[in-house]
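Structure file model.pdb; described as PDB, C-alpha atoms, pLDDT in the B column.
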ATOM      1  CA  MET H  16     -11.191 -10.819  15.869  1.00 91.00           C
ATOM      2  CA  ALA H  17      -7.907 -12.664  15.371  1.00 94.00           C
ATOM      3  CA  THR H  18      -6.464 -15.217  17.761  1.00 95.00           C
ATOM      4  CA  PHE H  19      -2.853 -16.227  17.131  1.00 96.00           C
ATOM      5  CA  SER H  20      -1.379 -19.160  19.067  1.00 97.00           C
ATOM      6  CA  ALA H  21       2.011 -20.785  18.670  1.00 97.00           C
ATOM      7  CA  GLU H  22       4.692 -22.692  20.452  1.00 97.00           C
ATOM      8  CA  ALA H  23       7.724 -20.412  20.374  1.00 96.00           C
ATOM      9  CA  PHE H  24      11.206 -19.841  21.736  1.00 93.00           C
ATOM     10  CA  VAL H  25      13.847 -17.101  21.635  1.00 93.00           C
ATOM     11  CA  SER H  26      17.546 -17.610  22.257  1.00 93.00           C
ATOM     12  CA  HIS H  27      20.214 -14.949  22.812  1.00 90.00           C
ATOM     13  CA  PRO H  28      23.689 -15.185  24.411  1.00 87.00           C
ATOM     14  CA  ASP H  29      22.841 -12.369  26.877  1.00 85.00           C
ATOM     15  CA  GLN H  30      19.352 -13.767  27.689  1.00 83.00           C
ATOM     16  CA  ASN H  31      18.003 -10.349  26.664  1.00 84.00           C
ATOM     17  CA  ALA H  32      15.861 -10.678  23.538  1.00 90.00           C
ATOM     18  CA  VAL H  33      12.248 -10.886  22.448  1.00 92.00           C
ATOM     19  CA  ALA H  34      10.168 -12.042  19.524  1.00 93.00           C
ATOM     20  CA  SER H  35       7.345  -9.625  18.790  1.00 94.00           C
ATOM     21  CA  VAL H  36       4.195 -10.541  16.874  1.00 94.00           C
ATOM     22  CA  THR H  37       1.777  -8.153  15.157  1.00 94.00           C
ATOM     23  CA  VAL H  38      -1.485  -9.042  13.389  1.00 95.00           C
ATOM     24  CA  PHE H  39      -2.524  -7.044  10.319  1.00 94.00           C
ATOM     25  CA  PHE H  40      -5.794  -6.968   8.391  1.00 92.00           C
ATOM     26  CA  GLY H  41      -4.794  -5.757   4.950  1.00 90.00           C
ATOM     27  CA  ASN H  42      -2.340  -2.914   5.638  1.00 89.00           C
ATOM     28  CA  ASP H  43      -3.970  -1.952   8.952  1.00 90.00           C
ATOM     29  CA  GLN H  44      -2.534  -3.065  12.278  1.00 92.00           C
ATOM     30  CA  SER H  45      -5.141  -4.633  14.532  1.00 93.00           C
ATOM     31  CA  GLU H  46      -5.992  -3.206  17.942  1.00 92.00           C
ATOM     32  CA  PRO H  47      -4.377  -2.529  20.304  1.00 91.00           C
ATOM     33  CA  VAL H  48      -1.824  -0.748  18.108  1.00 87.00           C
ATOM     34  CA  SER H  49       1.730  -0.861  19.431  1.00 83.00           C
ATOM     35  CA  ALA H  50       5.314  -1.144  18.236  1.00 79.00           C
ATOM     36  CA  ASN H  51       6.115  -3.497  21.128  1.00 78.00           C
ATOM     37  CA  HIS H  52       3.915  -6.619  21.156  1.00 80.00           C
ATOM     38  CA  ARG H  53       6.247  -9.035  22.963  1.00 89.00           C
ATOM     39  CA  PHE H  54       5.197 -12.585  22.247  1.00 92.00           C
ATOM     40  CA  VAL H  55       8.038 -14.567  23.815  1.00 92.00           C
ATOM     41  CA  THR H  56      11.153 -13.547  25.785  1.00 90.00           C
ATOM     42  CA  ALA H  57      14.611 -15.133  25.911  1.00 87.00           C
ATOM     43  CA  ARG H  58      15.495 -16.863  29.141  1.00 80.00           C
ATOM     44  CA  GLY H  59      18.008 -19.475  30.305  1.00 76.00           C
ATOM     45  CA  ASN H  60      18.118 -22.740  28.366  1.00 79.00           C
ATOM     46  CA  PRO H  61      15.519 -21.793  25.728  1.00 79.00           C
ATOM     47  CA  GLU H  62      12.666 -24.228  25.375  1.00 86.00           C
ATOM     48  CA  TRP H  63       9.397 -24.245  23.478  1.00 92.00           C
ATOM     49  CA  SER H  64       6.456 -22.689  25.316  1.00 93.00           C
ATOM     50  CA  SER H  65       2.883 -21.976  24.257  1.00 95.00           C
ATOM     51  CA  HIS H  66       1.689 -18.382  23.759  1.00 95.00           C
ATOM     52  CA  THR H  67      -1.547 -16.762  22.558  1.00 96.00           C
ATOM     53  CA  LEU H  68      -2.652 -13.242  21.694  1.00 94.00           C
ATOM     54  CA  ILE H  69      -6.000 -11.794  20.639  1.00 95.00           C
ATOM     55  CA  ARG H  70      -6.364  -8.733  18.415  1.00 94.00           C
ATOM     56  CA  VAL H  71      -9.390  -6.985  16.922  1.00 93.00           C
ATOM     57  CA  ALA H  72     -10.230  -4.782  13.962  1.00 91.00           C
ATOM     58  CA  ASP H  73     -13.405  -2.852  13.236  1.00 88.00           C
ATOM     59  CA  PHE H  74     -14.563  -2.456   9.657  1.00 84.00           C
ATOM     60  CA  PRO H  75     -17.384   0.060   9.129  1.00 81.00           C
ATOM     61  CA  VAL H  76     -20.074  -0.956   6.674  1.00 81.00           C
ATOM     62  CA  ASP H  77     -18.978   0.123   3.217  1.00 80.00           C
ATOM     63  CA  LEU H  78     -19.971  -1.007  -0.279  1.00 82.00           C
ATOM     64  CA  ALA H  79     -16.433  -0.518  -1.615  1.00 84.00           C
ATOM     65  CA  GLN H  80     -14.316  -3.654  -1.850  1.00 84.00           C
ATOM     66  CA  ARG H  81     -11.407  -3.791   0.572  1.00 82.00           C
ATOM     67  CA  ASP H  82      -8.510  -6.205   1.181  1.00 83.00           C
ATOM     68  CA  VAL H  83      -8.599  -7.379   4.794  1.00 87.00           C
ATOM     69  CA  THR H  84      -6.375 -10.434   4.404  1.00 91.00           C
ATOM     70  CA  ALA H  85      -5.115 -11.398   7.859  1.00 93.00           C
ATOM     71  CA  ARG H  86      -1.332 -11.606   8.226  1.00 94.00           C
ATOM     72  CA  VAL H  87       0.992 -12.190  11.146  1.00 95.00           C
ATOM     73  CA  LYS H  88       4.395 -10.493  11.210  1.00 94.00           C
ATOM     74  CA  ALA H  89       7.092 -11.629  13.622  1.00 93.00           C
ATOM     75  CA  ARG H  90      10.171  -9.592  14.506  1.00 93.00           C
ATOM     76  CA  VAL H  91      13.140 -10.891  16.521  1.00 94.00           C
ATOM     77  CA  SER H  92      15.687  -8.821  18.479  1.00 91.00           C
ATOM     78  CA  ASN H  93      19.072  -8.314  16.829  1.00 91.00           C
ATOM     79  CA  GLY H  94      21.433 -11.203  17.427  1.00 91.00           C
ATOM     80  CA  ALA H  95      18.680 -13.524  18.620  1.00 92.00           C
ATOM     81  CA  SER H  96      17.266 -16.653  17.069  1.00 92.00           C
ATOM     82  CA  ALA H  97      13.636 -17.648  17.378  1.00 94.00           C
ATOM     83  CA  GLY H  98      11.286 -20.373  16.313  1.00 95.00           C
ATOM     84  CA  PHE H  99       7.535 -20.764  15.891  1.00 96.00           C
ATOM     85  CA  GLN H 100       5.832 -24.130  15.479  1.00 96.00           C
ATOM     86  CA  ASN H 101       2.340 -25.597  15.629  1.00 97.00           C
ATOM     87  CA  TRP H 102       0.889 -22.159  15.041  1.00 97.00           C
ATOM     88  CA  VAL H 103      -2.704 -21.269  14.251  1.00 97.00           C
ATOM     89  CA  LEU H 104      -4.376 -18.018  13.210  1.00 96.00           C
ATOM     90  CA  LYS H 105      -8.125 -18.103  13.857  1.00 95.00           C
ATOM     91  CA  ILE H 106     -10.376 -15.358  12.462  1.00 93.00           C
ATOM     92  CA  GLU H 107     -13.879 -14.765  13.827  1.00 91.00           C
ATOM     93  CA  ARG H 108     -16.435 -12.275  12.576  1.00 86.00           C
ATOM     94  CA  TYR H 109     -18.955 -10.540  14.791  1.00 83.00           C
ATOM     95  CA  ASN H 110     -21.671  -8.156  13.655  1.00 79.00           C
ATOM     96  CA  ARG H 111     -22.380  -5.075  15.713  1.00 70.00           C
TER      97      ARG H 111
END

What do you get writing this file as structure tokens?
Amino acid sequence: MATFSAEAFVSHPDQNAVASVTVFFGNDQSEPVSANHRFVTARGNPEWSSHTLIRVADFPVDLAQRDVTARVKARVSNGASAGFQNWVLKIERYNR
């Protein structure tokens, strides 16, 4: 399970923009899978605000070695600017 928290902001002249965040384990997107994980939305007078998301991945027992390095990818709407600060990515492992 991955928990990603950050203070973030998005700014856009039309107040119509988002910053999306996706968590990957290796090359696999964590659950729930989506192309639209909005993390923070542009609004008047952008200011820093705190946001958190939780994602999960299930790895069946297998003796083969596998890269499950956790990564966070952020994507910002065209024409927008965004910032992330004081972020943390926490990984927890649970056995079934």

Pick out the residues sitting within 6 Å of range 65-80 of chain H, and hand them over as a PDB file with C-alpha atoms, keeping the file's coordinate frame; count all atoms listed in the file, and ignore anything fewer than 5 positions along from it in its own chain.
ATOM      1  CA  MET H  16     -11.191 -10.819  15.869  1.00 91.00           C
ATOM      2  CA  ALA H  17      -7.907 -12.664  15.371  1.00 94.00           C
ATOM      3  CA  THR H  18      -6.464 -15.217  17.761  1.00 95.00           C
ATOM      4  CA  PHE H  19      -2.853 -16.227  17.131  1.00 96.00           C
ATOM      5  CA  SER H  20      -1.379 -19.160  19.067  1.00 97.00           C
ATOM      6  CA  ALA H  21       2.011 -20.785  18.670  1.00 97.00           C
ATOM      7  CA  GLU H  22       4.692 -22.692  20.452  1.00 97.00           C
ATOM      8  CA  SER H  45      -5.141  -4.633  14.532  1.00 93.00           C
ATOM      9  CA  GLU H  46      -5.992  -3.206  17.942  1.00 92.00           C
TER      10      GLU H  46
END

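Using all atoms listed in the file, the nearest neighbour of Val36 in chain H within the list H:Ala23, H:Ala89, H:Ala57, H:Val48 is H:Ala89.
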
d(CA of Phe40 in chain H, CA of Asp82 in chain H) in Å: 7.7 Å

Report as a PyMOL selection string all protein, DNA and RNA residues lying within 10 Å of range 31-35 of chain H, evaluated on only C-alpha atoms, omitting residues in the same chain fewer than 5 positions from it. chain H and resi 23-26+50-59+88-99

Taken to one decimal, the CA of Val38 in chain H-CA of Arg86 in chain H distance is 5.8 Å

What does the distance between CA of Leu104 in chain H and CA of Glu62 in chain H come to in Å, to one decimal place? 21.8 Å

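Of the residues listed (H:Gln30, H:Gln100, H:Gly41, H:Pro47), H:Gly41 shows the shortest atom-to-atom separation from Thr84 in chain H; distances use all atoms listed in the file.
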
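Each of H:Ala85, H:His27, H:Asn60, H:Asn42 was compared to Lys105 in chain H using only C-alpha atoms, and H:Ala85 turns out to be the nearest.
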
Would you compute the box with edges along x, y and z of the file around range 30-45 of chain H, including every atom the file lists for it and 3 Å extra on each side, and give its centre and edge lengths in Å to one decimal, as lines of an AutoDock Vina configuration file?
center_x = 6.8
center_y = -7.9
center_z = 16.3
size_x = 31.1
size_y = 17.8
size_z = 28.7
